[in-house]
Amino acid sequence: MFYAHRHQGAIEQLISGYKDQQLTSLQGTLAESVAQLFSRLDFSDVSAVVTPARNTKNYRKRGFDPARSIAKSALKLTQVKVPVVNLSNVRDRSDQRGLGREQRAKNVSGSMRLKVTNLRKVVLFDDVLTTGATISELARACRDAGVEVVFCCVLAERFSKI
């Protein structure tokens, strides 16, 4: 697991502003952090970067998909030429905020699948890692599709007692 920042202080405020207040002008700053992370990793055998399936309610509220947008911008900055692929929803799930560790795992378990079939090796990316439930679900969906996960990256890792 690779992360660009700890989810605290200024970075926590930037991510909150970007996601919760739709301050999309912060995308470039956040993508630069991820680009620095990506530039230290070997993408030579990677077919795609995989991001979580959109939470429909959050997408309607925001009008954009934070993880996908940041990943695409970061790849452009690093000039890594692989597509960003969203998983698809198998079923609805709740917003993870406010849920404990077990609730988060149950909320996302079996909720996503990978529809793209021509991938061999992928990098998983999400914006914030709290308990690892979403990244674990991404990995499960990729494994079920016969795709190897090379590594996992997040913009920020939250070190909390959830």
# chains A, B, ... in the order shown; residues from 1 in each chain; ligands from 1

$ residues_around --residues "stretch 62-70 of chain A" --least-positions-apart "3" --cutoff "10 Å" --atoms "only C-alpha atoms" --output "ChimeraX atom specification"
/A:15,18-24,26-35,49-59,73-76,84-86,125-128,154-155

$ write_last_selection --atoms "N, CA and C atoms" --output "short mmCIF file (atom, residue, chain, number, x, y, z; two decimals), in the first residue's frame"
data_model
loop_
_atom_site.label_atom_id
_atom_site.label_comp_id
_atom_site.auth_asym_id
_atom_site.auth_seq_id
_atom_site.Cartn_x
_atom_site.Cartn_y
_atom_site.Cartn_z
N ILE A 15 -8.83 17.88 1.06
CA ILE A 15 -9.68 16.80 0.55
C ILE A 15 -11.14 17.07 0.87
N TYR A 18 -12.43 19.74 -1.44
CA TYR A 18 -12.59 19.19 -2.79
C TYR A 18 -13.85 18.33 -2.89
N LYS A 19 -14.01 17.40 -1.93
CA LYS A 19 -15.11 16.45 -2.01
C LYS A 19 -16.44 16.99 -1.49
N ASP A 20 -16.41 17.71 -0.39
CA ASP A 20 -17.64 18.10 0.28
C ASP A 20 -18.15 19.48 -0.08
N GLN A 21 -17.24 20.34 -0.52
CA GLN A 21 -17.64 21.70 -0.89
C GLN A 21 -17.49 21.94 -2.39
N GLN A 22 -17.20 20.88 -3.13
CA GLN A 22 -17.05 20.94 -4.59
C GLN A 22 -16.06 22.00 -5.04
N LEU A 23 -14.97 22.16 -4.28
CA LEU A 23 -13.91 23.10 -4.67
C LEU A 23 -12.99 22.39 -5.66
N THR A 24 -13.49 22.22 -6.88
CA THR A 24 -12.77 21.45 -7.89
C THR A 24 -11.45 22.09 -8.31
N LEU A 26 -9.15 22.59 -6.44
CA LEU A 26 -8.13 21.90 -5.64
C LEU A 26 -7.66 20.60 -6.29
N GLN A 27 -8.34 20.17 -7.34
CA GLN A 27 -7.99 18.90 -7.98
C GLN A 27 -6.53 18.86 -8.43
N GLY A 28 -6.04 19.94 -9.02
CA GLY A 28 -4.67 19.97 -9.50
C GLY A 28 -3.66 19.78 -8.38
N THR A 29 -3.88 20.43 -7.27
CA THR A 29 -2.99 20.31 -6.11
C THR A 29 -2.98 18.88 -5.60
N LEU A 30 -4.15 18.28 -5.47
CA LEU A 30 -4.24 16.90 -4.99
C LEU A 30 -3.63 15.93 -6.00
N ALA A 31 -3.86 16.17 -7.27
CA ALA A 31 -3.30 15.32 -8.32
C ALA A 31 -1.78 15.40 -8.36
N GLU A 32 -1.21 16.55 -8.06
CA GLU A 32 0.25 16.68 -8.02
C GLU A 32 0.85 15.76 -6.97
N SER A 33 0.21 15.66 -5.82
CA SER A 33 0.68 14.74 -4.77
C SER A 33 0.65 13.30 -5.24
N VAL A 34 -0.43 12.93 -5.90
CA VAL A 34 -0.55 11.56 -6.41
C VAL A 34 0.44 11.33 -7.54
N ALA A 35 0.65 12.33 -8.38
CA ALA A 35 1.63 12.20 -9.47
C ALA A 35 3.03 11.95 -8.91
N VAL A 49 -5.44 1.78 -14.24
CA VAL A 49 -5.64 2.16 -12.85
C VAL A 49 -7.12 1.97 -12.58
N VAL A 50 -7.45 1.23 -11.54
CA VAL A 50 -8.84 0.91 -11.21
C VAL A 50 -9.28 1.71 -9.99
N THR A 51 -10.41 2.38 -10.12
CA THR A 51 -10.98 3.17 -9.03
C THR A 51 -12.34 2.58 -8.64
N PRO A 52 -12.82 2.93 -7.44
CA PRO A 52 -14.10 2.37 -6.99
C PRO A 52 -15.27 2.76 -7.89
N ALA A 53 -16.29 1.91 -7.87
CA ALA A 53 -17.55 2.25 -8.54
C ALA A 53 -18.11 3.50 -7.89
N ARG A 54 -18.74 4.32 -8.68
CA ARG A 54 -19.31 5.56 -8.17
C ARG A 54 -20.41 5.27 -7.15
N ASN A 55 -20.41 6.01 -6.07
CA ASN A 55 -21.54 6.03 -5.16
C ASN A 55 -22.53 7.01 -5.78
N THR A 56 -23.63 6.49 -6.29
CA THR A 56 -24.57 7.29 -7.08
C THR A 56 -25.04 8.54 -6.34
N LYS A 57 -25.38 8.39 -5.06
CA LYS A 57 -25.87 9.54 -4.28
C LYS A 57 -24.79 10.61 -4.18
N ASN A 58 -23.56 10.22 -3.87
CA ASN A 58 -22.47 11.20 -3.76
C ASN A 58 -22.15 11.82 -5.11
N TYR A 59 -22.22 11.03 -6.18
CA TYR A 59 -21.93 11.55 -7.51
C TYR A 59 -22.96 12.62 -7.90
N SER A 73 -5.93 12.95 -13.59
CA SER A 73 -5.05 14.12 -13.61
C SER A 73 -3.62 13.75 -13.24
N ALA A 74 -3.46 12.88 -12.26
CA ALA A 74 -2.12 12.46 -11.84
C ALA A 74 -1.40 11.69 -12.95
N LEU A 75 -2.12 10.82 -13.63
CA LEU A 75 -1.51 10.07 -14.74
C LEU A 75 -1.09 11.02 -15.86
N LYS A 76 -1.90 12.02 -16.13
CA LYS A 76 -1.56 13.00 -17.16
C LYS A 76 -0.29 13.75 -16.78
N VAL A 84 -7.93 4.92 -16.86
CA VAL A 84 -8.52 4.80 -15.53
C VAL A 84 -9.86 4.12 -15.72
N VAL A 85 -10.06 3.03 -15.02
CA VAL A 85 -11.27 2.21 -15.16
C VAL A 85 -12.01 2.20 -13.83
N ASN A 86 -13.28 2.58 -13.87
CA ASN A 86 -14.12 2.48 -12.67
C ASN A 86 -14.69 1.07 -12.60
N PHE A 125 -6.60 2.46 -7.01
CA PHE A 125 -6.47 3.82 -6.47
C PHE A 125 -7.78 4.27 -5.84
N ASP A 126 -7.67 4.87 -4.65
CA ASP A 126 -8.80 5.52 -4.00
C ASP A 126 -8.29 6.80 -3.37
N ASP A 127 -9.20 7.71 -3.05
CA ASP A 127 -8.76 8.98 -2.49
C ASP A 127 -8.35 8.87 -1.03
N VAL A 128 -9.17 8.26 -0.19
CA VAL A 128 -8.86 8.16 1.24
C VAL A 128 -9.03 6.73 1.70
N VAL A 154 -3.28 5.34 -2.48
CA VAL A 154 -4.33 6.26 -2.04
C VAL A 154 -3.70 7.65 -1.89
N LEU A 155 -4.53 8.64 -2.05
CA LEU A 155 -4.08 10.01 -1.83
C LEU A 155 -3.71 10.19 -0.37
#

$ select_by_dssp --residues "chain A" --states "strand (DSSP E)" --output "PyMOL selection string"
chain A and resi 2-6+48-51+84-86+88-89+112-113+121-129+148-157

$ write_last_selection --atoms "N, CA and C atoms" --output "mmCIF file, in the first residue's frame"
data_model
loop_
_atom_site.group_PDB
_atom_site.id
_atom_site.type_symbol
_atom_site.label_atom_id
_atom_site.label_comp_id
_atom_site.auth_asym_id
_atom_site.auth_seq_id
_atom_site.Cartn_x
_atom_site.Cartn_y
_atom_site.Cartn_z
ATOM 1 N N PHE A 2 0.611 2.139 -0.912
ATOM 2 C CA PHE A 2 1.340 3.396 -1.011
ATOM 3 C C PHE A 2 0.358 4.544 -0.801
ATOM 4 N N TYR A 3 0.760 5.525 -0.039
ATOM 5 C CA TYR A 3 -0.082 6.696 0.155
ATOM 6 C C TYR A 3 0.776 7.951 0.051
ATOM 7 N N ALA A 4 0.157 9.023 -0.447
ATOM 8 C CA ALA A 4 0.881 10.278 -0.634
ATOM 9 C C ALA A 4 0.926 11.092 0.651
ATOM 10 N N HIS A 5 -0.108 10.996 1.480
ATOM 11 C CA HIS A 5 -0.205 11.815 2.692
ATOM 12 C C HIS A 5 -0.918 11.052 3.795
ATOM 13 N N ARG A 6 -0.708 11.539 5.015
ATOM 14 C CA ARG A 6 -1.577 11.161 6.123
ATOM 15 C C ARG A 6 -2.795 12.061 6.039
ATOM 16 N N ALA A 48 -4.073 -0.769 -16.422
ATOM 17 C CA ALA A 48 -5.021 0.296 -16.069
ATOM 18 C C ALA A 48 -4.898 0.629 -14.592
ATOM 19 N N VAL A 49 -5.436 1.784 -14.238
ATOM 20 C CA VAL A 49 -5.637 2.159 -12.845
ATOM 21 C C VAL A 49 -7.123 1.969 -12.577
ATOM 22 N N VAL A 50 -7.450 1.227 -11.537
ATOM 23 C CA VAL A 50 -8.839 0.906 -11.213
ATOM 24 C C VAL A 50 -9.276 1.713 -9.992
ATOM 25 N N THR A 51 -10.411 2.383 -10.122
ATOM 26 C CA THR A 51 -10.980 3.170 -9.034
ATOM 27 C C THR A 51 -12.337 2.577 -8.638
ATOM 28 N N VAL A 84 -7.927 4.923 -16.856
ATOM 29 C CA VAL A 84 -8.517 4.805 -15.526
ATOM 30 C C VAL A 84 -9.865 4.123 -15.719
ATOM 31 N N VAL A 85 -10.061 3.025 -15.021
ATOM 32 C CA VAL A 85 -11.269 2.215 -15.161
ATOM 33 C C VAL A 85 -12.011 2.202 -13.831
ATOM 34 N N ASN A 86 -13.278 2.576 -13.871
ATOM 35 C CA ASN A 86 -14.115 2.476 -12.669
ATOM 36 C C ASN A 86 -14.694 1.071 -12.602
ATOM 37 N N SER A 88 -17.837 -1.328 -11.608
ATOM 38 C CA SER A 88 -19.278 -1.119 -11.751
ATOM 39 C C SER A 88 -19.975 -1.530 -10.462
ATOM 40 N N ASN A 89 -21.097 -0.899 -10.192
ATOM 41 C CA ASN A 89 -21.896 -1.250 -9.024
ATOM 42 C C ASN A 89 -22.693 -2.519 -9.290
ATOM 43 N N MET A 112 -19.138 -4.434 -5.908
ATOM 44 C CA MET A 112 -18.532 -3.945 -7.153
ATOM 45 C C MET A 112 -18.040 -5.106 -8.009
ATOM 46 N N ARG A 113 -17.921 -4.814 -9.308
ATOM 47 C CA ARG A 113 -17.318 -5.801 -10.205
ATOM 48 C C ARG A 113 -16.582 -5.083 -11.324
ATOM 49 N N LYS A 121 -2.853 -6.661 -15.501
ATOM 50 C CA LYS A 121 -2.300 -6.162 -14.245
ATOM 51 C C LYS A 121 -2.787 -4.739 -14.033
ATOM 52 N N VAL A 122 -3.209 -4.446 -12.808
ATOM 53 C CA VAL A 122 -3.764 -3.126 -12.524
ATOM 54 C C VAL A 122 -3.191 -2.558 -11.227
ATOM 55 N N VAL A 123 -3.349 -1.254 -11.118
ATOM 56 C CA VAL A 123 -3.065 -0.517 -9.889
ATOM 57 C C VAL A 123 -4.418 -0.082 -9.344
ATOM 58 N N LEU A 124 -4.638 -0.273 -8.061
ATOM 59 C CA LEU A 124 -5.866 0.194 -7.431
ATOM 60 C C LEU A 124 -5.619 1.585 -6.868
ATOM 61 N N PHE A 125 -6.604 2.464 -7.012
ATOM 62 C CA PHE A 125 -6.473 3.822 -6.469
ATOM 63 C C PHE A 125 -7.782 4.272 -5.842
ATOM 64 N N ASP A 126 -7.667 4.865 -4.654
ATOM 65 C CA ASP A 126 -8.801 5.518 -4.003
ATOM 66 C C ASP A 126 -8.291 6.799 -3.369
ATOM 67 N N ASP A 127 -9.196 7.706 -3.047
ATOM 68 C CA ASP A 127 -8.759 8.983 -2.493
ATOM 69 C C ASP A 127 -8.348 8.875 -1.030
ATOM 70 N N VAL A 128 -9.172 8.263 -0.190
ATOM 71 C CA VAL A 128 -8.857 8.165 1.240
ATOM 72 C C VAL A 128 -9.026 6.725 1.704
ATOM 73 N N LEU A 129 -8.031 6.231 2.425
ATOM 74 C CA LEU A 129 -8.084 4.903 3.022
ATOM 75 C C LEU A 129 -8.335 5.083 4.516
ATOM 76 N N GLU A 148 -4.604 -9.334 -12.047
ATOM 77 C CA GLU A 148 -3.616 -9.220 -10.978
ATOM 78 C C GLU A 148 -3.507 -7.769 -10.504
ATOM 79 N N VAL A 149 -3.508 -7.594 -9.204
ATOM 80 C CA VAL A 149 -3.303 -6.271 -8.609
ATOM 81 C C VAL A 149 -1.810 -6.126 -8.332
ATOM 82 N N VAL A 150 -1.179 -5.140 -8.987
ATOM 83 C CA VAL A 150 0.256 -4.914 -8.843
ATOM 84 C C VAL A 150 0.543 -4.168 -7.547
ATOM 85 N N PHE A 151 -0.191 -3.085 -7.297
ATOM 86 C CA PHE A 151 -0.086 -2.365 -6.037
ATOM 87 C C PHE A 151 -1.313 -1.496 -5.846
ATOM 88 N N CYS A 152 -1.473 -0.995 -4.618
ATOM 89 C CA CYS A 152 -2.597 -0.138 -4.246
ATOM 90 C C CYS A 152 -2.048 1.221 -3.824
ATOM 91 N N CYS A 153 -2.728 2.273 -4.240
ATOM 92 C CA CYS A 153 -2.321 3.638 -3.896
ATOM 93 C C CYS A 153 -3.535 4.423 -3.421
ATOM 94 N N VAL A 154 -3.283 5.337 -2.481
ATOM 95 C CA VAL A 154 -4.331 6.259 -2.038
ATOM 96 C C VAL A 154 -3.698 7.645 -1.885
ATOM 97 N N LEU A 155 -4.529 8.644 -2.052
ATOM 98 C CA LEU A 155 -4.078 10.011 -1.830
ATOM 99 C C LEU A 155 -3.711 10.190 -0.365
ATOM 100 N N ALA A 156 -4.580 9.743 0.531
ATOM 101 C CA ALA A 156 -4.329 9.940 1.960
ATOM 102 C C ALA A 156 -4.793 8.734 2.756
ATOM 103 N N GLU A 157 -4.000 8.381 3.728
ATOM 104 C CA GLU A 157 -4.356 7.291 4.636
ATOM 105 C C GLU A 157 -4.712 7.896 5.991
#

$ closest_residue --among "A:Val82, A:Ser47, A:Thr134, A:Asn118" --to "A:Lys106" --atoms "only C-alpha atoms"
A:Thr134

$ atom_distance --atom1 "atom CA of A:Ser16" --atom2 "atom CA of A:Ser109"
25.1 Å

$ closest_residue --among "A:Met1, A:Ile11, A:Lys81, A:Leu99" --to "A:Ile135" --atoms "only C-alpha atoms"
A:Met1

$ residues_around --residues "A:Ser136" --least-positions-apart "3" --cutoff "10 Å" --atoms "only C-alpha atoms" --output "list in words"
Ala105, Val108, Ser109, Leu124, Thr131, Gly132, Ala133, Ala139, Arg140, Ala141, Cys142 and Cys152 of chain A

$ select_by_dssp --residues "chain A" --states "alpha helix (DSSP H)" --output "JSON, numbers by chain"
{"A": [9, 10, 11, 12, 13, 14, 15, 16, 17, 18, 19, 20, 27, 28, 29, 30, 31, 32, 33, 34, 35, 36, 37, 38, 39, 56, 57, 58, 59, 60, 61, 62, 66, 67, 68, 69, 70, 71, 72, 73, 74, 75, 76, 77, 78, 101, 102, 103, 104, 105, 106, 107, 108, 133, 134, 135, 136, 137, 138, 139, 140, 141, 142, 143, 144]}

$ closest_residue --among "A:Ser25, A:Thr130, A:Arg93, A:Val147" --to "A:His7" --atoms "only C-alpha atoms"
A:Thr130

$ atom_distance --atom1 "atom CA of A:Gln79" --atom2 "atom CA of A:Leu41"
12.9 Å

$ decode --residues "stretch 2-153 of chain A" --atoms "C-alpha atoms" --output "PDB file, in the first residue's frame"
ATOM      1  CA  PHE A   2       1.340   3.396  -1.011  1.00  0.00           C
ATOM      2  CA  TYR A   3      -0.082   6.696   0.155  1.00  0.00           C
ATOM      3  CA  ALA A   4       0.881  10.278  -0.634  1.00  0.00           C
ATOM      4  CA  HIS A   5      -0.205  11.815   2.692  1.00  0.00           C
ATOM      5  CA  ARG A   6      -1.577  11.161   6.123  1.00  0.00           C
ATOM      6  CA  HIS A   7      -5.194  12.280   6.252  1.00  0.00           C
ATOM      7  CA  GLN A   8      -4.766  15.047   8.811  1.00  0.00           C
ATOM      8  CA  GLY A   9      -4.293  18.790   9.068  1.00  0.00           C
ATOM      9  CA  ALA A  10      -4.073  20.750   5.842  1.00  0.00           C
ATOM     10  CA  ILE A  11      -4.418  17.738   3.531  1.00  0.00           C
ATOM     11  CA  GLU A  12      -7.580  16.667   5.362  1.00  0.00           C
ATOM     12  CA  GLN A  13      -8.985  20.167   4.852  1.00  0.00           C
ATOM     13  CA  LEU A  14      -8.030  20.167   1.156  1.00  0.00           C
ATOM     14  CA  ILE A  15      -9.682  16.797   0.550  1.00  0.00           C
ATOM     15  CA  SER A  16     -12.786  17.861   2.462  1.00  0.00           C
ATOM     16  CA  GLY A  17     -13.005  21.095   0.470  1.00  0.00           C
ATOM     17  CA  TYR A  18     -12.591  19.192  -2.786  1.00  0.00           C
ATOM     18  CA  LYS A  19     -15.113  16.449  -2.009  1.00  0.00           C
ATOM     19  CA  ASP A  20     -17.644  18.098   0.285  1.00  0.00           C
ATOM     20  CA  GLN A  21     -17.643  21.700  -0.888  1.00  0.00           C
ATOM     21  CA  GLN A  22     -17.048  20.936  -4.589  1.00  0.00           C
ATOM     22  CA  LEU A  23     -13.911  23.095  -4.672  1.00  0.00           C
ATOM     23  CA  THR A  24     -12.774  21.445  -7.892  1.00  0.00           C
ATOM     24  CA  SER A  25      -9.984  24.000  -8.267  1.00  0.00           C
ATOM     25  CA  LEU A  26      -8.129  21.898  -5.645  1.00  0.00           C
ATOM     26  CA  GLN A  27      -7.989  18.900  -7.984  1.00  0.00           C
ATOM     27  CA  GLY A  28      -4.667  19.967  -9.504  1.00  0.00           C
ATOM     28  CA  THR A  29      -2.985  20.312  -6.115  1.00  0.00           C
ATOM     29  CA  LEU A  30      -4.243  16.904  -4.988  1.00  0.00           C
ATOM     30  CA  ALA A  31      -3.296  15.316  -8.320  1.00  0.00           C
ATOM     31  CA  GLU A  32       0.250  16.677  -8.018  1.00  0.00           C
ATOM     32  CA  SER A  33       0.685  14.743  -4.769  1.00  0.00           C
ATOM     33  CA  VAL A  34      -0.552  11.560  -6.407  1.00  0.00           C
ATOM     34  CA  ALA A  35       1.631  12.203  -9.467  1.00  0.00           C
ATOM     35  CA  GLN A  36       4.681  12.375  -7.207  1.00  0.00           C
ATOM     36  CA  LEU A  37       3.643   9.045  -5.718  1.00  0.00           C
ATOM     37  CA  PHE A  38       2.969   7.474  -9.128  1.00  0.00           C
ATOM     38  CA  SER A  39       6.313   8.702 -10.485  1.00  0.00           C
ATOM     39  CA  ARG A  40       8.139   6.562  -7.902  1.00  0.00           C
ATOM     40  CA  LEU A  41       6.346   3.378  -8.973  1.00  0.00           C
ATOM     41  CA  ASP A  42       6.829   1.023 -11.915  1.00  0.00           C
ATOM     42  CA  PHE A  43       3.867   1.183 -14.305  1.00  0.00           C
ATOM     43  CA  SER A  44       5.617  -0.712 -17.133  1.00  0.00           C
ATOM     44  CA  ASP A  45       3.342  -3.800 -16.967  1.00  0.00           C
ATOM     45  CA  VAL A  46       0.206  -2.024 -15.759  1.00  0.00           C
ATOM     46  CA  SER A  47      -2.891  -2.231 -17.982  1.00  0.00           C
ATOM     47  CA  ALA A  48      -5.021   0.296 -16.069  1.00  0.00           C
ATOM     48  CA  VAL A  49      -5.637   2.159 -12.845  1.00  0.00           C
ATOM     49  CA  VAL A  50      -8.839   0.906 -11.213  1.00  0.00           C
ATOM     50  CA  THR A  51     -10.980   3.170  -9.034  1.00  0.00           C
ATOM     51  CA  PRO A  52     -14.102   2.367  -6.992  1.00  0.00           C
ATOM     52  CA  ALA A  53     -17.545   2.248  -8.541  1.00  0.00           C
ATOM     53  CA  ARG A  54     -19.313   5.560  -8.169  1.00  0.00           C
ATOM     54  CA  ASN A  55     -21.541   6.030  -5.156  1.00  0.00           C
ATOM     55  CA  THR A  56     -24.566   7.291  -7.075  1.00  0.00           C
ATOM     56  CA  LYS A  57     -25.866   9.535  -4.281  1.00  0.00           C
ATOM     57  CA  ASN A  58     -22.467  11.200  -3.761  1.00  0.00           C
ATOM     58  CA  TYR A  59     -21.933  11.554  -7.514  1.00  0.00           C
ATOM     59  CA  ARG A  60     -25.264  13.341  -7.929  1.00  0.00           C
ATOM     60  CA  LYS A  61     -24.426  15.663  -5.033  1.00  0.00           C
ATOM     61  CA  ARG A  62     -20.876  16.461  -6.223  1.00  0.00           C
ATOM     62  CA  GLY A  63     -21.188  16.198  -9.966  1.00  0.00           C
ATOM     63  CA  PHE A  64     -17.821  14.426 -10.199  1.00  0.00           C
ATOM     64  CA  ASP A  65     -16.010  11.300  -9.038  1.00  0.00           C
ATOM     65  CA  PRO A  66     -13.109  12.386  -6.778  1.00  0.00           C
ATOM     66  CA  ALA A  67     -10.931   9.270  -7.007  1.00  0.00           C
ATOM     67  CA  ARG A  68     -11.296   8.920 -10.773  1.00  0.00           C
ATOM     68  CA  SER A  69     -10.685  12.632 -11.410  1.00  0.00           C
ATOM     69  CA  ILE A  70      -7.553  12.742  -9.263  1.00  0.00           C
ATOM     70  CA  ALA A  71      -6.166   9.537 -10.780  1.00  0.00           C
ATOM     71  CA  LYS A  72      -6.705  10.780 -14.350  1.00  0.00           C
ATOM     72  CA  SER A  73      -5.051  14.120 -13.606  1.00  0.00           C
ATOM     73  CA  ALA A  74      -2.116  12.456 -11.836  1.00  0.00           C
ATOM     74  CA  LEU A  75      -1.513  10.070 -14.737  1.00  0.00           C
ATOM     75  CA  LYS A  76      -1.558  12.996 -17.163  1.00  0.00           C
ATOM     76  CA  LEU A  77       1.023  14.846 -15.049  1.00  0.00           C
ATOM     77  CA  THR A  78       3.310  11.791 -14.961  1.00  0.00           C
ATOM     78  CA  GLN A  79       2.689  11.042 -18.644  1.00  0.00           C
ATOM     79  CA  VAL A  80       1.831   7.442 -17.772  1.00  0.00           C
ATOM     80  CA  LYS A  81      -0.437   6.309 -20.571  1.00  0.00           C
ATOM     81  CA  VAL A  82      -2.853   3.847 -19.011  1.00  0.00           C
ATOM     82  CA  PRO A  83      -6.624   4.230 -18.753  1.00  0.00           C
ATOM     83  CA  VAL A  84      -8.517   4.805 -15.526  1.00  0.00           C
ATOM     84  CA  VAL A  85     -11.269   2.215 -15.161  1.00  0.00           C
ATOM     85  CA  ASN A  86     -14.115   2.476 -12.669  1.00  0.00           C
ATOM     86  CA  LEU A  87     -15.545  -0.680 -11.212  1.00  0.00           C
ATOM     87  CA  SER A  88     -19.278  -1.119 -11.751  1.00  0.00           C
ATOM     88  CA  ASN A  89     -21.896  -1.250  -9.024  1.00  0.00           C
ATOM     89  CA  VAL A  90     -23.507  -4.614  -8.388  1.00  0.00           C
ATOM     90  CA  ARG A  91     -25.715  -3.123  -5.700  1.00  0.00           C
ATOM     91  CA  ASP A  92     -26.192   0.179  -3.883  1.00  0.00           C
ATOM     92  CA  ARG A  93     -24.082   0.987  -0.868  1.00  0.00           C
ATOM     93  CA  SER A  94     -24.175   3.716   1.760  1.00  0.00           C
ATOM     94  CA  ASP A  95     -21.689   6.527   2.208  1.00  0.00           C
ATOM     95  CA  GLN A  96     -18.863   5.091   4.311  1.00  0.00           C
ATOM     96  CA  ARG A  97     -18.523   8.158   6.540  1.00  0.00           C
ATOM     97  CA  GLY A  98     -19.935   7.525   9.981  1.00  0.00           C
ATOM     98  CA  LEU A  99     -19.654   3.752   9.661  1.00  0.00           C
ATOM     99  CA  GLY A 100     -17.396   1.639  11.855  1.00  0.00           C
ATOM    100  CA  ARG A 101     -14.883  -0.942  10.599  1.00  0.00           C
ATOM    101  CA  GLU A 102     -17.315  -3.884  10.449  1.00  0.00           C
ATOM    102  CA  GLN A 103     -20.110  -1.764   8.996  1.00  0.00           C
ATOM    103  CA  ARG A 104     -17.787  -0.464   6.267  1.00  0.00           C
ATOM    104  CA  ALA A 105     -16.692  -3.966   5.323  1.00  0.00           C
ATOM    105  CA  LYS A 106     -20.301  -5.183   5.174  1.00  0.00           C
ATOM    106  CA  ASN A 107     -21.390  -2.077   3.249  1.00  0.00           C
ATOM    107  CA  VAL A 108     -18.956  -2.625   0.378  1.00  0.00           C
ATOM    108  CA  SER A 109     -18.604  -6.422   0.421  1.00  0.00           C
ATOM    109  CA  GLY A 110     -19.623  -7.809  -2.968  1.00  0.00           C
ATOM    110  CA  SER A 111     -20.850  -4.409  -4.155  1.00  0.00           C
ATOM    111  CA  MET A 112     -18.532  -3.945  -7.153  1.00  0.00           C
ATOM    112  CA  ARG A 113     -17.318  -5.801 -10.205  1.00  0.00           C
ATOM    113  CA  LEU A 114     -14.852  -5.283 -13.006  1.00  0.00           C
ATOM    114  CA  LYS A 115     -16.549  -5.340 -16.415  1.00  0.00           C
ATOM    115  CA  VAL A 116     -13.463  -4.611 -18.533  1.00  0.00           C
ATOM    116  CA  THR A 117     -12.062  -7.940 -19.714  1.00  0.00           C
ATOM    117  CA  ASN A 118      -8.787  -7.113 -21.481  1.00  0.00           C
ATOM    118  CA  LEU A 119      -6.802  -6.195 -18.362  1.00  0.00           C
ATOM    119  CA  ARG A 120      -3.943  -8.261 -16.952  1.00  0.00           C
ATOM    120  CA  LYS A 121      -2.300  -6.162 -14.245  1.00  0.00           C
ATOM    121  CA  VAL A 122      -3.764  -3.126 -12.524  1.00  0.00           C
ATOM    122  CA  VAL A 123      -3.065  -0.517  -9.889  1.00  0.00           C
ATOM    123  CA  LEU A 124      -5.866   0.194  -7.431  1.00  0.00           C
ATOM    124  CA  PHE A 125      -6.473   3.822  -6.469  1.00  0.00           C
ATOM    125  CA  ASP A 126      -8.801   5.518  -4.003  1.00  0.00           C
ATOM    126  CA  ASP A 127      -8.759   8.983  -2.493  1.00  0.00           C
ATOM    127  CA  VAL A 128      -8.857   8.165   1.240  1.00  0.00           C
ATOM    128  CA  LEU A 129      -8.084   4.903   3.022  1.00  0.00           C
ATOM    129  CA  THR A 130      -9.728   4.597   6.422  1.00  0.00           C
ATOM    130  CA  THR A 131     -10.270   0.911   7.237  1.00  0.00           C
ATOM    131  CA  GLY A 132      -9.246  -0.645   3.933  1.00  0.00           C
ATOM    132  CA  ALA A 133     -12.751  -1.938   3.183  1.00  0.00           C
ATOM    133  CA  THR A 134     -13.070  -0.216  -0.205  1.00  0.00           C
ATOM    134  CA  ILE A 135      -9.553  -1.114  -1.382  1.00  0.00           C
ATOM    135  CA  SER A 136     -10.203  -4.722  -0.284  1.00  0.00           C
ATOM    136  CA  GLU A 137     -13.399  -4.761  -2.330  1.00  0.00           C
ATOM    137  CA  LEU A 138     -11.529  -3.370  -5.355  1.00  0.00           C
ATOM    138  CA  ALA A 139      -8.939  -6.130  -4.994  1.00  0.00           C
ATOM    139  CA  ARG A 140     -11.613  -8.819  -4.650  1.00  0.00           C
ATOM    140  CA  ALA A 141     -13.453  -7.599  -7.755  1.00  0.00           C
ATOM    141  CA  CYS A 142     -10.217  -7.595  -9.767  1.00  0.00           C
ATOM    142  CA  ARG A 143      -9.194 -11.064  -8.561  1.00  0.00           C
ATOM    143  CA  ASP A 144     -12.666 -12.407  -9.400  1.00  0.00           C
ATOM    144  CA  ALA A 145     -12.179 -11.046 -12.932  1.00  0.00           C
ATOM    145  CA  GLY A 146      -8.790 -12.804 -13.197  1.00  0.00           C
ATOM    146  CA  VAL A 147      -6.808  -9.569 -13.005  1.00  0.00           C
ATOM    147  CA  GLU A 148      -3.616  -9.220 -10.978  1.00  0.00           C
ATOM    148  CA  VAL A 149      -3.303  -6.271  -8.609  1.00  0.00           C
ATOM    149  CA  VAL A 150       0.256  -4.914  -8.843  1.00  0.00           C
ATOM    150  CA  PHE A 151      -0.086  -2.365  -6.037  1.00  0.00           C
ATOM    151  CA  CYS A 152      -2.597  -0.138  -4.246  1.00  0.00           C
ATOM    152  CA  CYS A 153      -2.321   3.638  -3.896  1.00  0.00           C
TER     153      CYS A 153
END
